[in-house]
>>> print(open('model_6.txt').read())   # compact mmCIF, C-alpha atoms
# COMPACT_ATOMS: atom_id res chain seq x y z
CA MET H 1 0.00 0.00 0.00
CA ALA H 2 1.40 3.37 -1.03
CA LEU H 3 1.38 6.35 1.29
CA GLY H 4 -2.11 7.88 1.29
CA PRO H 5 -3.06 11.49 0.54
CA VAL H 6 -1.38 14.07 2.76
CA LYS H 7 -4.64 14.97 4.49
CA LYS H 8 -5.40 11.33 5.27
CA VAL H 9 -1.88 10.69 6.55
CA VAL H 10 -1.83 13.78 8.78
CA LEU H 11 -5.31 13.30 10.26
CA GLY H 12 -4.84 9.57 10.67
CA SER H 13 -1.56 10.19 12.48
CA VAL H 14 -3.24 12.73 14.76
CA ALA H 15 -6.01 10.27 15.68
CA PHE H 16 -3.52 7.48 16.29
CA THR H 17 -1.30 9.76 18.39
CA VAL H 18 -4.26 10.70 20.59
CA PHE H 19 -5.04 7.02 21.08
CA TRP H 20 -1.38 6.14 21.77
CA ILE H 21 -0.87 8.93 24.33
CA LEU H 22 -4.02 8.01 26.25
CA ALA H 23 -3.10 4.31 26.10
CA VAL H 24 0.35 5.01 27.54
CA PHE H 25 -0.64 7.83 29.91
CA PRO H 26 -4.34 7.28 30.72
CA ALA H 27 -4.33 10.01 33.37
CA VAL H 28 -2.58 12.64 31.25
CA PRO H 29 -3.36 16.06 32.83
CA PHE H 30 -4.92 17.72 29.78
CA LEU H 31 -7.32 14.82 29.12
CA PRO H 32 -7.51 12.33 32.04
CA ILE H 33 -10.24 10.16 30.53
CA GLY H 34 -8.51 6.78 30.76
CA ARG H 35 -7.51 4.17 28.20
CA THR H 36 -10.94 2.87 27.29
CA ALA H 37 -12.36 6.32 26.55
CA GLY H 38 -9.09 7.11 24.77
CA SER H 39 -9.50 4.15 22.44
CA ILE H 40 -13.09 5.21 21.65
CA LEU H 41 -11.89 8.76 20.99
CA GLY H 42 -9.18 7.50 18.65
CA ALA H 43 -11.69 5.35 16.77
CA MET H 44 -14.19 8.20 16.45
CA LEU H 45 -11.50 10.57 15.17
CA MET H 46 -10.55 8.04 12.48
CA VAL H 47 -14.15 8.09 11.24
CA ILE H 48 -14.72 11.84 11.71
CA PHE H 49 -11.48 12.61 9.85
CA LYS H 50 -12.65 10.24 7.09
CA VAL H 51 -9.53 8.11 7.35
CA ILE H 52 -11.90 5.14 7.29
CA THR H 53 -15.62 4.89 6.62
CA PRO H 54 -18.15 3.81 9.27
CA GLU H 55 -18.56 0.53 7.40
CA GLU H 56 -14.80 -0.09 7.47
CA ALA H 57 -14.77 0.74 11.18
CA TYR H 58 -17.42 -1.91 11.90
CA ASP H 59 -15.55 -4.43 9.76
CA ALA H 60 -12.34 -3.73 11.69
CA ILE H 61 -13.87 -4.97 14.95
CA ASN H 62 -12.82 -8.56 15.52
CA LEU H 63 -15.91 -10.16 17.04
CA PRO H 64 -14.37 -13.63 17.52
CA VAL H 65 -11.56 -12.11 19.62
CA LEU H 66 -14.12 -10.24 21.73
CA GLY H 67 -16.09 -13.47 22.15
CA LEU H 68 -12.94 -15.32 23.19
CA LEU H 69 -12.11 -12.68 25.80
CA PHE H 70 -15.68 -12.58 27.14
CA GLY H 71 -15.89 -16.36 27.41
CA THR H 72 -12.48 -16.57 29.09
CA MET H 73 -13.43 -13.92 31.64
CA VAL H 74 -16.65 -15.75 32.54
CA VAL H 75 -14.78 -19.04 32.92
CA SER H 76 -12.16 -17.36 35.11
CA ILE H 77 -14.86 -15.89 37.38
CA TYR H 78 -16.47 -19.30 37.91
CA LEU H 79 -13.08 -20.94 38.49
CA GLU H 80 -12.37 -18.40 41.20
CA ARG H 81 -15.72 -19.14 42.83
CA ALA H 82 -14.78 -22.82 42.82
CA ASP H 83 -11.53 -22.04 44.71
CA MET H 84 -9.38 -23.05 41.75
CA PHE H 85 -6.83 -20.40 42.71
CA LYS H 86 -6.56 -21.86 46.20
CA HIS H 87 -5.63 -25.26 44.79
CA LEU H 88 -3.30 -23.72 42.23
CA GLY H 89 -1.59 -21.81 45.03
CA ILE H 90 -1.08 -25.00 47.01
CA LEU H 91 0.34 -26.72 43.93
CA LEU H 92 2.79 -23.93 43.08
CA SER H 93 3.79 -23.46 46.70
CA TRP H 94 4.62 -27.14 47.19
CA LYS H 95 8.22 -27.36 48.46
CA SER H 96 8.80 -23.79 47.38
CA TRP H 97 12.15 -22.25 48.28
CA GLY H 98 10.80 -18.74 48.54
CA ALA H 99 9.78 -15.78 46.41
CA ARG H 100 12.52 -16.23 43.81
CA ASP H 101 11.57 -19.85 43.33
CA MET H 102 7.91 -18.84 43.07
CA LEU H 103 8.77 -16.29 40.36
CA CYS H 104 10.51 -18.97 38.31
CA ARG H 105 7.55 -21.32 38.70
CA ILE H 106 5.14 -18.62 37.57
CA CYS H 107 7.27 -17.97 34.47
CA ILE H 108 7.28 -21.67 33.58
CA VAL H 109 3.55 -22.19 34.15
CA SER H 110 2.71 -19.02 32.18
CA ALA H 111 4.84 -20.09 29.22
CA ILE H 112 3.37 -23.59 29.05
CA SER H 113 -0.20 -22.34 29.48
CA SER H 114 0.14 -19.69 26.76
CA ALA H 115 1.52 -22.19 24.26
CA LEU H 116 -1.61 -24.30 24.71
CA PHE H 117 -4.33 -21.73 25.48
CA THR H 118 -2.96 -18.39 24.11
CA ASN H 119 -1.18 -15.65 26.03
CA ASP H 120 -4.29 -13.52 26.56
CA THR H 121 -6.21 -16.40 28.15
CA THR H 122 -3.28 -17.14 30.44
CA CYS H 123 -3.14 -13.56 31.71
CA VAL H 124 -6.90 -13.39 32.23
CA ILE H 125 -6.88 -16.51 34.39
CA LEU H 126 -3.60 -16.16 36.30
CA THR H 127 -3.38 -12.45 37.13
CA GLU H 128 -5.71 -12.69 40.11
CA PHE H 129 -3.89 -15.69 41.48
CA ILE H 130 -0.55 -13.89 41.27
CA LEU H 131 -1.92 -10.83 43.04
CA LYS H 132 -3.06 -13.08 45.88
CA ILE H 133 0.34 -14.76 46.10
CA ALA H 134 2.01 -11.35 46.32
CA ARG H 135 -0.36 -10.20 49.06
CA GLU H 136 0.18 -13.35 51.08
CA ASN H 137 3.93 -12.80 50.99
CA ASN H 138 3.62 -9.05 51.62
CA ILE H 139 5.58 -8.23 48.48
CA ARG H 140 5.06 -5.87 45.56
CA PRO H 141 3.47 -7.93 42.78
CA GLU H 142 5.46 -6.19 40.03
CA PRO H 143 8.05 -8.95 39.38
CA PHE H 144 5.37 -11.66 39.41
CA LEU H 145 3.07 -9.71 37.06
CA LEU H 146 5.91 -8.88 34.67
CA GLY H 147 6.94 -12.53 34.75
CA LEU H 148 3.39 -13.61 33.94
CA ALA H 149 2.90 -11.30 30.95
CA SER H 150 6.39 -11.60 29.47
CA SER H 151 6.60 -15.39 29.84
CA SER H 152 3.12 -15.72 28.35
CA ASN H 153 4.22 -13.74 25.31
CA ILE H 154 7.40 -15.76 24.87
CA GLY H 155 5.69 -19.10 25.48
CA SER H 156 2.90 -18.34 23.01
CA SER H 157 5.43 -18.29 20.16
CA ALA H 158 6.05 -22.03 20.58
CA THR H 159 2.90 -23.18 18.76
CA PRO H 160 0.66 -21.98 15.92
CA ILE H 161 -2.23 -21.74 18.41
CA GLY H 162 -0.36 -19.62 20.94
CA ASN H 163 -1.43 -16.30 19.43
CA PRO H 164 -3.25 -14.91 16.36
CA GLN H 165 -0.13 -13.91 14.40
CA ASN H 166 1.22 -17.46 14.63
CA LEU H 167 -2.04 -18.78 13.18
CA ILE H 168 -1.69 -16.40 10.25
CA ILE H 169 1.90 -17.48 9.67
CA ALA H 170 1.06 -21.18 9.92
CA ILE H 171 -1.74 -20.80 7.37
CA GLN H 172 0.18 -18.66 4.90
CA SER H 173 3.39 -20.66 5.10
CA GLY H 174 1.95 -24.15 5.20
CA ILE H 175 4.37 -25.06 8.01
CA SER H 176 3.06 -28.07 9.94
CA PHE H 177 2.29 -27.89 13.66
CA GLY H 178 5.15 -30.27 14.46
CA GLU H 179 7.73 -28.42 12.41
CA PHE H 180 6.63 -25.08 13.86
CA VAL H 181 7.12 -26.38 17.41
CA LEU H 182 10.35 -28.19 16.60
CA VAL H 183 12.06 -25.07 15.26
CA LEU H 184 10.78 -22.53 17.78
CA LEU H 185 10.71 -24.60 20.97
CA PRO H 186 14.48 -24.30 21.68
CA ALA H 187 14.26 -20.51 21.33
CA VAL H 188 11.21 -20.44 23.63
CA LEU H 189 12.89 -22.57 26.32
CA VAL H 190 16.03 -20.46 26.35
CA GLY H 191 13.98 -17.26 26.07
CA VAL H 192 11.84 -18.09 29.12
CA PHE H 193 14.96 -18.96 31.11
CA VAL H 194 16.79 -15.75 30.16
CA ASN H 195 13.68 -13.65 30.76
CA ALA H 196 13.29 -15.13 34.26
CA LEU H 197 16.99 -14.52 34.91
CA ILE H 198 16.61 -10.85 33.97
CA LEU H 199 13.64 -10.53 36.32
CA LEU H 200 15.63 -12.13 39.14
CA CYS H 201 18.54 -9.75 38.58
CA MET H 202 16.29 -6.68 38.50
CA PHE H 203 14.25 -7.64 41.57
CA TRP H 204 16.77 -9.72 43.52
CA ARG H 205 16.79 -7.47 46.58
CA LEU H 206 13.01 -7.10 46.60
CA LEU H 207 12.54 -10.87 46.40
CA SER H 208 15.25 -11.47 49.02
CA ASP H 209 13.52 -9.26 51.57
CA VAL H 210 10.34 -11.31 51.48
CA LYS H 211 9.58 -13.06 54.72
CA GLU H 212 9.05 -16.70 53.87
CA GLU H 213 5.70 -18.14 54.84
CA LYS H 214 5.20 -21.51 56.41
CA ASP H 215 3.29 -24.24 54.65
CA ALA H 216 0.37 -23.70 57.02
CA SER H 217 -0.29 -20.29 55.52
CA VAL H 218 -1.26 -21.94 52.28
CA GLU H 219 -4.24 -23.49 54.03
CA GLU H 220 -5.58 -20.00 54.62
CA TYR H 221 -5.39 -19.21 50.93
CA SER H 222 -9.11 -19.17 50.37
CA THR H 223 -9.64 -16.54 53.05
CA VAL H 224 -7.79 -13.91 51.09
CA HIS H 225 -10.03 -11.17 49.78
CA GLN H 226 -11.28 -12.17 46.32
CA ILE H 227 -10.26 -9.97 43.47
CA SER H 228 -13.00 -9.21 41.02
CA LEU H 229 -12.07 -9.82 37.41
CA ALA H 230 -14.94 -7.66 36.46
CA ASN H 231 -13.47 -4.55 37.88
CA LEU H 232 -11.28 -4.44 34.82
CA SER H 233 -13.26 -1.36 33.95
CA SER H 234 -11.23 1.54 32.87
CA SER H 235 -11.92 4.66 34.86
CA LYS H 236 -8.59 5.83 36.14
CA SER H 237 -6.34 4.15 33.68
CA LEU H 238 -5.73 1.02 31.90
CA GLU H 239 -4.99 -0.62 28.73
CA SER H 240 -3.26 -0.20 25.66
CA HIS H 241 -2.30 -1.45 22.27
CA GLU H 242 -1.65 -4.82 21.04
CA CYS H 243 -2.16 -2.10 20.72
CA ALA H 244 -2.01 -4.68 22.54
CA ILE H 245 -4.27 -5.09 24.75
CA PRO H 246 -6.15 -7.77 23.86
CA GLU H 247 -4.15 -9.90 21.94
CA PRO H 248 -5.54 -8.11 21.13
CA ALA H 249 -4.86 -8.45 18.16
CA SER H 250 -6.60 -7.12 15.23
CA SER H 251 -7.33 -9.52 12.45
CA GLN H 252 -7.84 -7.02 9.70
CA SER H 253 -5.93 -7.83 6.57
CA SER H 254 -3.81 -5.37 4.68
CA PRO H 255 -4.59 -4.92 1.01
CA ASP H 256 -0.97 -4.92 -0.06
CA ILE H 257 -0.14 -8.23 1.54
CA ASN H 258 -1.21 -10.19 -1.45
CA ARG H 259 -2.75 -8.71 -4.51
CA ASP H 260 -4.21 -12.04 -5.50
CA GLY H 261 -7.82 -11.51 -4.49
CA GLY H 262 -8.64 -15.22 -4.45
CA HIS H 263 -5.74 -16.07 -2.15
CA SER H 264 -6.51 -13.18 0.20
CA LYS H 265 -10.15 -14.16 0.41
CA ASN H 266 -9.23 -17.79 1.06
CA LEU H 267 -6.82 -16.76 3.83
CA LYS H 268 -9.44 -14.52 5.42
CA ASN H 269 -12.01 -17.33 5.36
CA ARG H 270 -9.63 -19.83 6.95
CA LEU H 271 -8.61 -17.36 9.65
CA SER H 272 -12.26 -16.64 10.37
CA GLU H 273 -12.96 -20.35 10.79
CA LEU H 274 -10.10 -20.68 13.28
CA ASP H 275 -11.17 -17.56 15.18
CA VAL H 276 -14.76 -18.75 15.36
CA CYS H 277 -13.55 -22.14 16.62
CA SER H 278 -11.66 -20.63 19.59
CA ASP H 279 -14.45 -18.14 20.18
CA SER H 280 -17.06 -20.91 20.21
CA CYS H 281 -14.99 -23.08 22.53
CA ALA H 282 -14.61 -20.25 25.07
CA LEU H 283 -18.29 -19.28 24.94
CA THR H 284 -19.44 -22.91 25.10
CA THR H 285 -17.22 -23.57 28.13
CA ALA H 286 -18.56 -20.43 29.82
CA LEU H 287 -22.14 -21.55 29.16
CA ILE H 288 -21.42 -24.98 30.63
CA PHE H 289 -20.09 -23.35 33.80
CA VAL H 290 -23.20 -21.17 34.04
CA ILE H 291 -25.51 -24.15 33.69
CA LEU H 292 -23.59 -26.38 36.11
CA ASP H 293 -23.56 -23.63 38.73
CA PHE H 294 -27.38 -23.79 38.68
CA LYS H 295 -27.75 -20.27 40.07
CA ASP H 296 -28.61 -16.83 38.76
CA ALA H 297 -25.63 -15.88 36.55
CA GLY H 298 -26.24 -12.14 36.95
CA PRO H 299 -23.76 -11.51 39.80
CA CYS H 300 -21.00 -13.35 37.93
CA LEU H 301 -21.69 -11.67 34.60
CA GLU H 302 -21.56 -8.29 36.33
CA LYS H 303 -17.89 -9.01 37.09
CA VAL H 304 -16.96 -9.22 33.42
CA SER H 305 -14.73 -6.35 32.32
CA TYR H 306 -16.97 -4.86 29.65
CA SER H 307 -14.79 -1.74 29.51
CA LEU H 308 -11.91 -3.96 28.41
CA LEU H 309 -14.01 -5.29 25.54
CA VAL H 310 -14.95 -1.72 24.56
CA PHE H 311 -11.28 -0.76 24.65
CA PHE H 312 -10.48 -3.51 22.16
CA CYS H 313 -13.23 -2.32 19.82
CA GLY H 314 -11.74 1.15 19.75
CA MET H 315 -8.24 -0.24 19.38
CA PHE H 316 -9.17 -2.42 16.40
CA ILE H 317 -10.67 0.57 14.59
CA THR H 318 -7.82 2.95 15.42
CA VAL H 319 -5.08 0.53 14.36
CA ASP H 320 -6.95 -0.29 11.14
CA GLY H 321 -7.23 3.40 10.34
CA PHE H 322 -3.54 3.97 10.98
CA ASN H 323 -2.60 1.09 8.68
CA LYS H 324 -4.78 2.58 5.95
CA THR H 325 -2.69 5.76 5.99
CA GLY H 326 0.07 3.72 4.38
CA ILE H 327 2.68 4.76 6.97
CA PRO H 328 3.61 1.23 8.15
CA SER H 329 3.94 -0.10 4.59
CA SER H 330 5.99 2.94 3.57
CA LEU H 331 8.34 2.33 6.49
CA TRP H 332 8.86 -1.21 5.31
CA SER H 333 9.47 -0.09 1.73
CA LEU H 334 12.16 2.24 3.04
CA MET H 335 13.88 -0.44 5.12
CA GLU H 336 13.38 -3.48 2.88
CA PRO H 337 16.67 -3.16 0.93
CA HIS H 338 18.55 -3.26 4.24
CA ALA H 339 16.53 -6.10 5.80
CA ARG H 340 17.76 -9.15 3.89
CA ILE H 341 18.07 -12.33 5.90
CA ASP H 342 21.20 -13.56 4.11
CA HIS H 343 23.49 -11.73 6.55
CA ALA H 344 23.50 -10.81 10.24
CA SER H 345 23.09 -7.07 9.75
CA GLY H 346 20.06 -7.63 7.51
CA ILE H 347 18.42 -9.87 10.13
CA ALA H 348 19.13 -7.23 12.77
CA VAL H 349 17.47 -4.53 10.67
CA LEU H 350 14.50 -6.79 9.94
CA ALA H 351 14.11 -7.55 13.65
CA ILE H 352 14.18 -3.85 14.56
CA VAL H 353 11.54 -3.04 11.93
CA ILE H 354 9.29 -5.85 13.21
CA LEU H 355 9.79 -4.78 16.84
CA LEU H 356 8.88 -1.16 16.08
CA LEU H 357 5.90 -1.89 13.84
CA SER H 358 4.54 -4.49 16.26
CA ASN H 359 4.53 -1.91 19.05
CA VAL H 360 3.08 0.88 16.91
CA ALA H 361 0.70 -0.82 14.50
CA SER H 362 0.23 -4.03 16.56
CA ASN H 363 1.73 -7.42 15.78
CA VAL H 364 -1.11 -8.98 13.78
CA PRO H 365 -1.32 -6.13 11.22
CA THR H 366 2.49 -6.19 11.11
CA VAL H 367 2.49 -9.87 10.17
CA LEU H 368 -0.23 -9.28 7.58
CA LEU H 369 1.73 -6.36 6.19
CA LEU H 370 5.22 -7.89 6.14
CA GLY H 371 4.56 -11.61 5.77
CA ALA H 372 4.46 -11.99 1.99
CA LYS H 373 7.07 -9.26 1.47
CA VAL H 374 9.63 -10.69 3.87
CA VAL H 375 9.20 -14.15 2.37
CA ALA H 376 9.44 -12.83 -1.19
CA SER H 377 12.65 -11.04 -0.27
CA ALA H 378 14.06 -14.22 1.31
CA THR H 379 13.02 -16.39 -1.64
CA ALA H 380 14.76 -14.05 -4.07
CA ILE H 381 17.97 -14.67 -2.16
CA SER H 382 17.51 -18.43 -1.79
CA PRO H 383 14.37 -20.54 -2.35
CA GLY H 384 15.15 -22.59 0.74
CA GLU H 385 14.92 -19.55 3.02
CA GLU H 386 11.13 -19.20 2.83
CA LYS H 387 10.20 -21.18 5.96
CA LYS H 388 13.05 -19.64 7.88
CA ALA H 389 11.73 -16.16 7.06
CA TRP H 390 8.24 -17.07 8.29
CA LEU H 391 9.59 -18.46 11.56
CA ILE H 392 11.79 -15.42 12.15
CA LEU H 393 8.70 -13.25 11.67
CA ALA H 394 6.74 -15.42 14.12
CA TRP H 395 9.44 -15.23 16.78
CA VAL H 396 10.20 -11.52 16.60
CA SER H 397 6.60 -10.30 16.23
CA THR H 398 5.60 -12.29 19.32
CA VAL H 399 8.53 -11.39 21.59
CA ALA H 400 8.03 -7.78 20.48
CA GLY H 401 5.00 -7.76 22.78
CA ASN H 402 7.38 -7.53 25.76
CA LEU H 403 9.02 -4.31 24.59
CA SER H 404 6.43 -1.90 25.96
CA LEU H 405 3.27 -2.00 28.02
CA ILE H 406 1.15 -1.50 24.91
CA GLY H 407 3.08 -4.09 22.93
CA SER H 408 0.58 -6.89 23.50
CA ALA H 409 -2.93 -7.49 24.72
CA ALA H 410 -1.58 -9.79 27.42
CA ASN H 411 0.33 -6.87 28.96
CA LEU H 412 -2.76 -4.72 29.02
CA ILE H 413 -4.98 -7.41 30.48
CA MET H 414 -2.48 -7.96 33.27
CA CYS H 415 -2.13 -4.22 33.85
CA GLU H 416 -5.86 -3.57 33.95
CA GLN H 417 -6.63 -6.38 36.34
CA ALA H 418 -3.88 -5.25 38.71
CA LEU H 419 -5.19 -1.69 38.54
CA ARG H 420 -8.75 -2.73 39.42
CA ALA H 421 -7.78 -5.12 42.18
CA HIS H 422 -8.36 -4.38 45.87
CA PRO H 423 -5.88 -3.08 46.84
CA SER H 424 -4.96 -1.89 43.38
CA TYR H 425 -1.48 -1.96 41.88
CA THR H 426 -0.29 0.13 38.97
CA ILE H 427 2.43 -0.85 36.53
CA THR H 428 3.38 2.27 34.64
CA PHE H 429 4.57 2.51 31.07
CA TRP H 430 8.05 3.53 32.19
CA SER H 431 8.45 0.84 34.86
CA HIS H 432 7.51 -1.78 32.27
CA LEU H 433 9.87 -0.23 29.71
CA LYS H 434 12.83 -0.53 32.09
CA PHE H 435 12.34 -4.28 32.11
CA GLY H 436 10.86 -4.66 28.64
CA VAL H 437 13.65 -3.11 26.58
CA PRO H 438 16.58 -5.21 27.84
CA SER H 439 14.50 -8.38 28.07
CA THR H 440 13.08 -8.02 24.56
CA LEU H 441 16.38 -7.19 22.89
CA ILE H 442 18.30 -9.98 24.62
CA VAL H 443 15.64 -12.67 24.22
CA THR H 444 15.00 -11.68 20.59
CA ALA H 445 18.71 -11.86 19.73
CA ILE H 446 19.21 -15.24 21.41
CA GLY H 447 16.09 -16.65 19.75
CA LEU H 448 17.15 -15.42 16.33
CA ALA H 449 20.51 -17.16 16.73
CA LEU H 450 18.71 -20.43 17.48
CA VAL H 451 16.02 -20.07 14.80
CA TYR H 452 18.41 -18.96 12.05
>>> encode(input="model_6.txt", output="structure tokens")
Amino acid sequence: MALGPVKKVVLGSVAFTVFWILAVFPAVPFLPIGRTAGSILGAMLMVIFKVITPEEAYDAINLPVLGLLFGTMVVSIYLERADMFKHLGILLSWKSWGARDMLCRICIVSAISSALFTNDTTCVILTEFILKIARENNIRPEPFLLGLASSSNIGSSATPIGNPQNLIIAIQSGISFGEFVLVLLPAVLVGVFVNALILLCMFWRLLSDVKEEKDASVEEYSTVHQISLANLSSSKSLESHECAIPEPASSQSSPDINRDGGHSKNLKNRLSELDVCSDSCALTTALIFVILDFKDAGPCLEKVSYSLLVFFCGMFITVDGFNKTGIPSSLWSLMEPHARIDHASGIAVLAIVILLLSNVASNVPTVLLLGAKVVASATAISPGEEKKAWLILAWVSTVAGNLSLIGSAANLIMCEQALRAHPSYTITFWSHLKFGVPSTLIVTAIGLALVY
């Protein structure tokens, strides 16, 4: 896609900047309306400025993703009512050597769970449990929450079902499930280990000062004040970009990805089938829980974070409008000659472009935008490099979610739940960036060495 008309580019950039600022700084002094209202404002500006039409805005909203999030939230609420977190706490605390050991266990469990059930689902279900663990040990939950979100992002890159961009790559490339796992699993294992090591180094003193609890304290786990998942609403501040929040991830396709209309339509149909499958599974599971509970579901449904779902709607529209300005594709056109995967410097440039675009335009649109182009560039160099190019894109676009707070939906889900907990805890954009930048760069580099 070529760069759009000047008016469209300028106004689209203004709308996206408004959204980005409010996503990063939801309580900004001149407009302290929060992330959810900020995402709605960004979406409305895209339509008012005629960057996209109202019809295109409606089409940009990914209903299957919203259904998946809603179903997962309902399931999580019923699991909490059934004391699932109490039993999980006992399991993870078994023969624990303290807070540092607990952090490592959380990283491992998060990575495995995200590879099987997606990173967003993992953060929805485990954030409350981690907040309880932190309260029980009288410790700031920051290292545990960062470990949850970052390990979920890294772990989700291990399988085609770990996140939406991996599904896209698996479908477009034709790489089998087994081959996908075989190539990326070593990078994931090392990445989770290195990421946990960075967390331990950054929070060593904090974790060392924790007074260790006796095993008997675990028996009191269920008495801890329950944290409502529903209070994910966004009044003071909250989410962000996968924006990412919510793996978010937008599933809109970019017109310049493949100019073969039949292929693009076929890809869209196959992606829709996969989305609907996960959406249906989540909603069906939620309905089963409602029926088995055999009580009025109203109180539980009131706990659902509807503001989070609204945030994603606005985010989908805003990101789609920004992509239609042609700015992301123009950036790639500028960098493409320097991003060849036949030498180390080219891979480094490609990784930087993917990292930046994934945090600005979101990782799913980035994969849709760059997928065919990166592979075409690799094939021109050597026909055997095609699968390698796809897997590099899968690895970097997923780990990119750890760079900033708005880099992935998992980050935003974690952040919002912590913010709405009682007592609440805020992870700021800058505090996340201090951990996210070194972790992302180091883990990305190590993974690339293993994948390539």
>>> residues_around(input="model_6.txt", residues="Glu142 (chain H)", least_positions_apart="5", cutoff="12 Å", atoms="all atoms listed in the file", output="tab-separated table (two decimals) with C-alpha atoms, in the frame of the given file")
chain	number	residue	atom	x	y	z
H	103	LEU	CA	8.77	-16.29	40.36
H	127	THR	CA	-3.38	-12.45	37.13
H	130	ILE	CA	-0.55	-13.89	41.27
H	131	LEU	CA	-1.92	-10.83	43.04
H	133	ILE	CA	0.34	-14.76	46.10
H	134	ALA	CA	2.01	-11.35	46.32
H	135	ARG	CA	-0.36	-10.20	49.06
H	147	GLY	CA	6.94	-12.53	34.75
H	148	LEU	CA	3.39	-13.61	33.94
H	149	ALA	CA	2.90	-11.30	30.95
H	150	SER	CA	6.39	-11.60	29.47
H	199	LEU	CA	13.64	-10.53	36.32
H	200	LEU	CA	15.63	-12.13	39.14
H	202	MET	CA	16.29	-6.68	38.50
H	203	PHE	CA	14.25	-7.64	41.57
H	206	LEU	CA	13.01	-7.10	46.60
H	207	LEU	CA	12.54	-10.87	46.40
H	414	MET	CA	-2.48	-7.96	33.27
H	415	CYS	CA	-2.13	-4.22	33.85
H	418	ALA	CA	-3.88	-5.25	38.71
H	419	LEU	CA	-5.19	-1.69	38.54
H	424	SER	CA	-4.96	-1.89	43.38
H	425	TYR	CA	-1.48	-1.96	41.88
H	426	THR	CA	-0.29	0.13	38.97
H	427	ILE	CA	2.43	-0.85	36.53
H	428	THR	CA	3.38	2.27	34.64
H	431	SER	CA	8.45	0.84	34.86
H	432	HIS	CA	7.51	-1.78	32.27
H	435	PHE	CA	12.34	-4.28	32.11
>>> residues_around(input="model_6.txt", residues="Leu355 (chain H)", least_positions_apart="6", cutoff="8 Å", atoms="only C-alpha atoms", output="ChimeraX atom specification")
/H:396-397,400,403
>>> closest_residue(input="model_6.txt", among="H:Lys132, H:Lys8, H:His422, H:Arg205", to="Arg100 (chain H)", atoms="all atoms listed in the file")
H:Arg205
>>> closest_residue(input="model_6.txt", among="H:Pro32, H:Pro299, H:Gly436, H:Gly321", to="Tyr78 (chain H)", atoms="only C-alpha atoms")
H:Pro299
>>> atom_distance(input="model_6.txt", atom1="CA of Lys86 (chain H)", atom2="CA of Ser113 (chain H)")
17.9 Å
>>> residues_near_point(input="model_6.txt", point="(3.5, -8.7, 26.1)", cutoff="8 Å", atoms="all atoms listed in the file", output="PyMOL selection string")
chain H and resi 149-150+152-153+244+398-412
>>> write_last_selection(input="model_6.txt", atoms="C-alpha atoms", output="mmCIF file, in the frame of the given file")
data_model
loop_
_atom_site.group_PDB
_atom_site.id
_atom_site.type_symbol
_atom_site.label_atom_id
_atom_site.label_comp_id
_atom_site.auth_asym_id
_atom_site.auth_seq_id
_atom_site.Cartn_x
_atom_site.Cartn_y
_atom_site.Cartn_z
ATOM 1 C CA ALA H 149 2.900 -11.300 30.950
ATOM 2 C CA SER H 150 6.390 -11.600 29.470
ATOM 3 C CA SER H 152 3.120 -15.720 28.350
ATOM 4 C CA ASN H 153 4.220 -13.740 25.310
ATOM 5 C CA ALA H 244 -2.010 -4.680 22.540
ATOM 6 C CA THR H 398 5.600 -12.290 19.320
ATOM 7 C CA VAL H 399 8.530 -11.390 21.590
ATOM 8 C CA ALA H 400 8.030 -7.780 20.480
ATOM 9 C CA GLY H 401 5.000 -7.760 22.780
ATOM 10 C CA ASN H 402 7.380 -7.530 25.760
ATOM 11 C CA LEU H 403 9.020 -4.310 24.590
ATOM 12 C CA SER H 404 6.430 -1.900 25.960
ATOM 13 C CA LEU H 405 3.270 -2.000 28.020
ATOM 14 C CA ILE H 406 1.150 -1.500 24.910
ATOM 15 C CA GLY H 407 3.080 -4.090 22.930
ATOM 16 C CA SER H 408 0.580 -6.890 23.500
ATOM 17 C CA ALA H 409 -2.930 -7.490 24.720
ATOM 18 C CA ALA H 410 -1.580 -9.790 27.420
ATOM 19 C CA ASN H 411 0.330 -6.870 28.960
ATOM 20 C CA LEU H 412 -2.760 -4.720 29.020
#
>>> atom_distance(input="model_6.txt", atom1="CA of Lys7 (chain H)", atom2="CA of Pro365 (chain H)")
22.4 Å
>>> closest_residue(input="model_6.txt", among="H:Glu80, H:Glu416, H:Val364, H:Ala57", to="Pro26 (chain H)", atoms="only C-alpha atoms")
H:Glu416
>>> axis_aligned_box(input="model_6.txt", around="region 139-145 of chain H", padding_each_side="8 Å", output="JSON")
{"center_x": 5.6, "center_y": -8.8, "center_z": 42.8, "size_x": 21.0, "size_y": 21.8, "size_z": 27.4}
>>> atom_distance(input="model_6.txt", atom1="CA of Leu331 (chain H)", atom2="CA of Ala348 (chain H)")
15.7 Å
>>> residues_around(input="model_6.txt", residues="Trp204 (chain H)", least_positions_apart="4", cutoff="12 Å", atoms="only C-alpha atoms", output="list in words")
Gly98, Ala99, Arg100, Asp101, Leu103, Pro143, Ala196, Leu197, Ile198, Leu199, Leu200, Ser208, Asp209 and Val210 of chain H
>>> closest_residue(input="model_6.txt", among="H:Leu182, H:Val9, H:Met335, H:Ile341", to="Val353 (chain H)", atoms="all atoms listed in the file")
H:Met335
>>> residues_around(input="model_6.txt", residues="region 369-379 of chain H", least_positions_apart="6", cutoff="10 Å", atoms="all atoms listed in the file", output="count of residues only")
36
>>> closest_residue(input="model_6.txt", among="H:Ala115, H:Lys295, H:Trp94, H:Leu146", to="Ile161 (chain H)", atoms="only C-alpha atoms")
H:Ala115
>>> residues_around(input="model_6.txt", residues="Ile61 (chain H)", least_positions_apart="6", cutoff="7 Å", atoms="all atoms listed in the file", output="ChimeraX atom specification")
/H:313,316-317
